[in-house]
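The structure under discussion appears below in the form of C-alpha cells.
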Amino acid sequence: MTAELVDLSVPIVTGMPVYPGDPEVTVGPALTAARDGVNVLALHLGSQSGTHVDAPFHIDDALPALDELPLERFAGPAVVVDVRDRGPRAAIGPEAFEAVPAGGVPPIVLVATGWSAHWGTEAYAAHPYLTEEAARLLVDRGVRTVGIDALSVDPTPAVDFPAHRVLCGAHAVIAENLTGLGRVLAAQAAGRSVEAWLLPLRLPGADGAPVRAVARLGPQ
C-alpha cells in the first residue's frame with residue numbers, strides 16, 4: 001500500500017458554522033467569466049473560520065502572532081488520540097494522553113472526539129473539551145501543536161479558556177474544526193505512520209488563520 005493524503009478540512013461555504021460572535025462567512029462571485037472574462041470569488045470570513053489554527057496572540061496581545069511562529073509548528077509527525085467514547089460536553093483529562101511520548105521530537109497531537117459528525121447541527125457546540133490539566137500534560141511533554149475535530153479545545157460557550165491559556169502560554173498552535181480523523185485513526189492502528197500539515201494563510205500580526213489541513217498516511 002502506498003502513502004496517501006487525507007483532507008482534514010471542512011469546506012468554506014456561505015452560512016457555515018462559526019464560533020458564537022465570530023464573523024459570518026459568505027462566499028460568492030465577484031467577477032464571472034461570462035461577464036468579466038475571469039471567475040473570481042469574493043470572500044468574507046473571520047480568521048477563525050472553518051478549519052483553522054490559533055496563534056498564541058489569539059488570547060493575549062503579549063504572545064506571538066501567527067507570522068512570528070516557526071513553520072515547524074504547522075507540520076510534522078503526528079499521533080491521534082482516540083476519545084470518541086466521550087459524550088456531550090465531556091471533559092478530556094490528562095489520562096487520555098498518557099501514551100503521548102515524552103522526550104525526542106514531540107509530535108503534533110490530534111484529538112479525535114468524533115464530533116465532526118455533528119458539523120452543521122446544534123449538537124456541534126456540545127463537544128468534549130480538554131481540561132487545563134490535560135493541556136498542561138501535553139505542554140510538559142514538549143507538545144507545541146494540538147488539533148481537535150471540534151469547535152474548540154475549551155467548552156462552548158466558555159467564560160474562561162484554560163486549555164487555550166496553557167497551550168498558547170507555551171507558544172503552542174491549536175487547530176480546531178478538523179474532520180476525517182476516524183480514517184487517520186484506522187491507519188495509525190494498522191501501523192501506518194502519520195504526518196500532519198496545518199499550514200495557515202500568511203497573515204502578518206494575525207491571531208490565526210484558516211488552513212487546508214492534510215494528513216499523510218505512510219505505506220503499510
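All residue names refer to the C-alpha cells as shown: chains lettered A, B, ... in order, residues numbered from 1 in each chain, ligands numbered from 1 in order.
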
Exercise. Quick one: residues within 9 Å of range 160-172 of chain A, only C-alpha atoms counted, chain neighbours fewer than 4 positions away excluded, as a ChimeraX atom specification?
Worked result: /A:54-60,63-64,69,73,129-136,138-139,143-146,152-155

Problem set entry | Nearby residues (only C-alpha atoms) at most 12 Å from range 23-30 of chain A, same-chain spacing under 6 positions excluded, as number ranges by chain | A: 11-17, 36-50

Seminar exercise, completed: Of A:Val10, A:Leu66, A:Val105, A:Ala175, the one nearest to Ala117 in chain A when counting only C-alpha atoms is A:Val10

Exercise. Restricting the calculation to only C-alpha atoms, which member of A:Pro157, A:Gly87, A:Gly191, A:Gly180 is positioned closest to Gly21 in chain A?
Worked result: A:Pro157

Problem set entry | helix (DSSP H, G or I) positions in range 17-209 of chain A, given as JSON, numbers by chain | {"A": [33, 34, 35, 36, 56, 57, 58, 66, 67, 68, 71, 72, 73, 74, 94, 95, 96, 97, 115, 116, 117, 118, 122, 123, 124, 125, 126, 132, 133, 134, 135, 136, 137, 138, 139, 140, 162, 163, 164, 165, 166, 167, 168, 169, 181, 182, 183, 184, 185, 186, 187, 188, 189]}

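Each of A:Ala213, A:Leu203, A:Ala91, A:Ala190 was compared to Phe74 in chain A using only C-alpha atoms, and A:Ala213 turns out to be the nearest.
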
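The closest residue to Glu195 in chain A, picked from A:Leu8, A:Val111, A:Ala215, A:Val100 and counting only C-alpha atoms, is A:Ala215.
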
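Counting only C-alpha atoms, the residue from A:Pro219, A:Gly182, A:Pro106, A:Gly93 that sits nearest to Val80 in chain A is A:Gly182.
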
For this session: From range 14-168 of chain A, collect each residue whose DSSP state is strand (DSSP E or B) and return the set as a PyMOL selection string.
Result: chain A and resi 26-31+40-44+52-54+75-82+91-92+108-112+129-130+145-148

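Shell of Leu201 in chain A at 12 Å, with only C-alpha atoms counted and residues fewer than 3 places along the chain excluded, is Ser47, Gln48, Thr51, His52, Val53, Asp54, Leu66, Asp67, Leu71, Phe74, Leu198, Pro204, Gly205, Ala206, Asp207, Gly208, Ala209, Pro210, Val211, Arg212 and Ala213 of chain A.
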
Could you save the residues just selected, with all heavy atoms, as a short mmCIF file (atom, residue, chain, number, x, y, z; two decimals), in the first residue's frame?
data_model
loop_
_atom_site.label_atom_id
_atom_site.label_comp_id
_atom_site.auth_asym_id
_atom_site.auth_seq_id
_atom_site.Cartn_x
_atom_site.Cartn_y
_atom_site.Cartn_z
N SER A 47 -10.83 35.21 10.87
CA SER A 47 -9.56 34.47 10.93
C SER A 47 -9.73 33.11 11.57
O SER A 47 -8.88 32.23 11.41
CB SER A 47 -8.52 35.29 11.69
OG SER A 47 -9.00 35.61 12.99
N GLN A 48 -10.83 32.91 12.32
CA GLN A 48 -11.07 31.64 13.00
C GLN A 48 -12.15 30.80 12.29
O GLN A 48 -12.75 29.92 12.88
CB GLN A 48 -11.52 31.91 14.43
CG GLN A 48 -10.58 32.79 15.23
CD GLN A 48 -9.39 32.01 15.77
OE1 GLN A 48 -9.54 30.89 16.23
NE2 GLN A 48 -8.22 32.60 15.71
N THR A 51 -11.86 25.15 9.40
CA THR A 51 -10.66 24.50 9.93
C THR A 51 -9.55 25.56 9.97
O THR A 51 -9.20 26.12 8.94
CB THR A 51 -10.25 23.31 9.05
OG1 THR A 51 -11.37 22.42 8.93
CG2 THR A 51 -9.08 22.58 9.65
N HIS A 52 -9.04 25.82 11.15
CA HIS A 52 -8.13 26.95 11.32
C HIS A 52 -7.13 26.65 12.43
O HIS A 52 -7.28 25.69 13.18
CB HIS A 52 -8.90 28.23 11.67
CG HIS A 52 -9.55 28.15 13.02
ND1 HIS A 52 -10.80 27.61 13.21
CD2 HIS A 52 -9.13 28.54 14.26
CE1 HIS A 52 -11.12 27.66 14.49
NE2 HIS A 52 -10.12 28.21 15.15
N VAL A 53 -6.11 27.49 12.52
CA VAL A 53 -5.18 27.44 13.64
C VAL A 53 -5.28 28.73 14.44
O VAL A 53 -5.53 29.81 13.90
CB VAL A 53 -3.73 27.22 13.20
CG1 VAL A 53 -3.53 25.82 12.63
CG2 VAL A 53 -3.27 28.28 12.20
N ASP A 54 -5.10 28.57 15.76
CA ASP A 54 -4.96 29.71 16.67
C ASP A 54 -3.48 29.93 16.94
O ASP A 54 -2.76 28.99 17.28
CB ASP A 54 -5.61 29.42 18.03
CG ASP A 54 -7.10 29.22 17.97
OD1 ASP A 54 -7.70 29.46 16.91
OD2 ASP A 54 -7.66 28.80 19.00
N LEU A 66 0.73 34.99 14.52
CA LEU A 66 0.85 33.86 13.61
C LEU A 66 2.17 33.86 12.85
O LEU A 66 2.84 32.83 12.75
CB LEU A 66 -0.33 33.90 12.63
CG LEU A 66 -0.53 32.69 11.73
CD1 LEU A 66 -0.86 31.45 12.56
CD2 LEU A 66 -1.65 32.96 10.72
N ASP A 67 2.56 35.01 12.32
CA ASP A 67 3.77 35.07 11.49
C ASP A 67 5.05 35.06 12.31
O ASP A 67 6.15 35.03 11.74
CB ASP A 67 3.73 36.30 10.59
CG ASP A 67 3.60 37.60 11.35
OD1 ASP A 67 2.89 37.62 12.38
OD2 ASP A 67 4.20 38.61 10.93
N LEU A 71 7.73 27.68 11.21
CA LEU A 71 6.92 26.83 10.35
C LEU A 71 6.82 25.40 10.88
O LEU A 71 5.86 24.68 10.59
CB LEU A 71 7.49 26.82 8.93
CG LEU A 71 7.20 28.06 8.09
CD1 LEU A 71 7.95 27.97 6.76
CD2 LEU A 71 5.71 28.23 7.85
N PHE A 74 3.63 23.87 12.29
CA PHE A 74 2.47 23.59 11.44
C PHE A 74 2.59 22.31 10.62
O PHE A 74 1.69 22.00 9.85
CB PHE A 74 2.23 24.77 10.50
CG PHE A 74 2.09 26.09 11.22
CD1 PHE A 74 3.14 26.99 11.26
CD2 PHE A 74 0.91 26.41 11.88
CE1 PHE A 74 3.01 28.20 11.94
CE2 PHE A 74 0.78 27.61 12.55
CZ PHE A 74 1.83 28.51 12.58
N LEU A 198 -0.70 21.66 8.68
CA LEU A 198 -1.74 22.60 9.12
C LEU A 198 -1.32 24.01 8.73
O LEU A 198 -1.35 24.94 9.54
CB LEU A 198 -1.91 22.51 10.64
CG LEU A 198 -2.13 21.10 11.21
CD1 LEU A 198 -1.95 21.11 12.73
CD2 LEU A 198 -3.51 20.58 10.84
N PRO A 204 0.20 38.67 8.43
CA PRO A 204 1.07 39.31 9.42
C PRO A 204 0.27 39.81 10.62
O PRO A 204 -0.80 40.41 10.47
CB PRO A 204 1.70 40.48 8.65
CG PRO A 204 1.64 40.06 7.22
CD PRO A 204 0.37 39.28 7.09
N GLY A 205 0.79 39.54 11.81
CA GLY A 205 0.17 40.02 13.04
C GLY A 205 -1.13 39.38 13.41
O GLY A 205 -1.86 39.87 14.27
N ALA A 206 -1.45 38.24 12.81
CA ALA A 206 -2.79 37.64 12.97
C ALA A 206 -2.88 36.78 14.22
O ALA A 206 -1.90 36.24 14.72
CB ALA A 206 -3.15 36.82 11.75
N ASP A 207 -4.12 36.61 14.68
CA ASP A 207 -4.45 35.72 15.80
C ASP A 207 -4.60 34.28 15.35
O ASP A 207 -4.62 33.35 16.17
CB ASP A 207 -5.76 36.16 16.43
CG ASP A 207 -6.89 36.14 15.40
OD1 ASP A 207 -7.01 37.09 14.62
OD2 ASP A 207 -7.64 35.14 15.37
N GLY A 208 -4.73 34.06 14.06
CA GLY A 208 -4.93 32.73 13.49
C GLY A 208 -5.32 32.86 12.04
O GLY A 208 -5.38 33.97 11.50
N ALA A 209 -5.61 31.72 11.42
CA ALA A 209 -5.99 31.76 10.01
C ALA A 209 -6.57 30.41 9.60
O ALA A 209 -6.22 29.37 10.18
CB ALA A 209 -4.79 32.08 9.12
N PRO A 210 -7.45 30.42 8.60
CA PRO A 210 -7.90 29.15 8.03
C PRO A 210 -6.72 28.35 7.47
O PRO A 210 -5.71 28.92 7.04
CB PRO A 210 -8.84 29.59 6.91
CG PRO A 210 -9.30 30.96 7.30
CD PRO A 210 -8.12 31.58 7.98
N VAL A 211 -6.86 27.02 7.49
CA VAL A 211 -5.83 26.14 6.96
C VAL A 211 -6.47 25.09 6.06
O VAL A 211 -7.64 24.77 6.20
CB VAL A 211 -5.04 25.43 8.08
CG1 VAL A 211 -4.43 26.43 9.04
CG2 VAL A 211 -5.91 24.43 8.83
N ARG A 212 -5.69 24.55 5.17
CA ARG A 212 -6.04 23.31 4.48
C ARG A 212 -5.29 22.21 5.22
O ARG A 212 -4.11 21.94 4.96
CB ARG A 212 -5.65 23.35 3.00
CG ARG A 212 -6.09 22.10 2.20
CD ARG A 212 -7.59 22.05 2.06
NE ARG A 212 -8.05 20.92 1.27
CZ ARG A 212 -8.30 20.97 -0.04
NH1 ARG A 212 -8.06 22.08 -0.74
NH2 ARG A 212 -8.77 19.90 -0.67
N ALA A 213 -5.94 21.59 6.16
CA ALA A 213 -5.32 20.57 6.99
C ALA A 213 -5.29 19.25 6.24
O ALA A 213 -6.31 18.81 5.69
CB ALA A 213 -6.08 20.42 8.30
#

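Our summary of the geometry notes that CA of Thr121 in chain A is positioned 20.7 Å from CA of Gly147 in chain A.
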
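Distance-wise, CA of Glu68 in chain A and CA of Tyr19 in chain A end up 24.6 Å apart.
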
Problem set entry | Exercise: Trp115 in chain A partners within 10 Å, only C-alpha atoms, chain neighbours under 5 positions left out, as a PyMOL selection string | chain A and resi 84+86-88+123-128+148-151+177-179
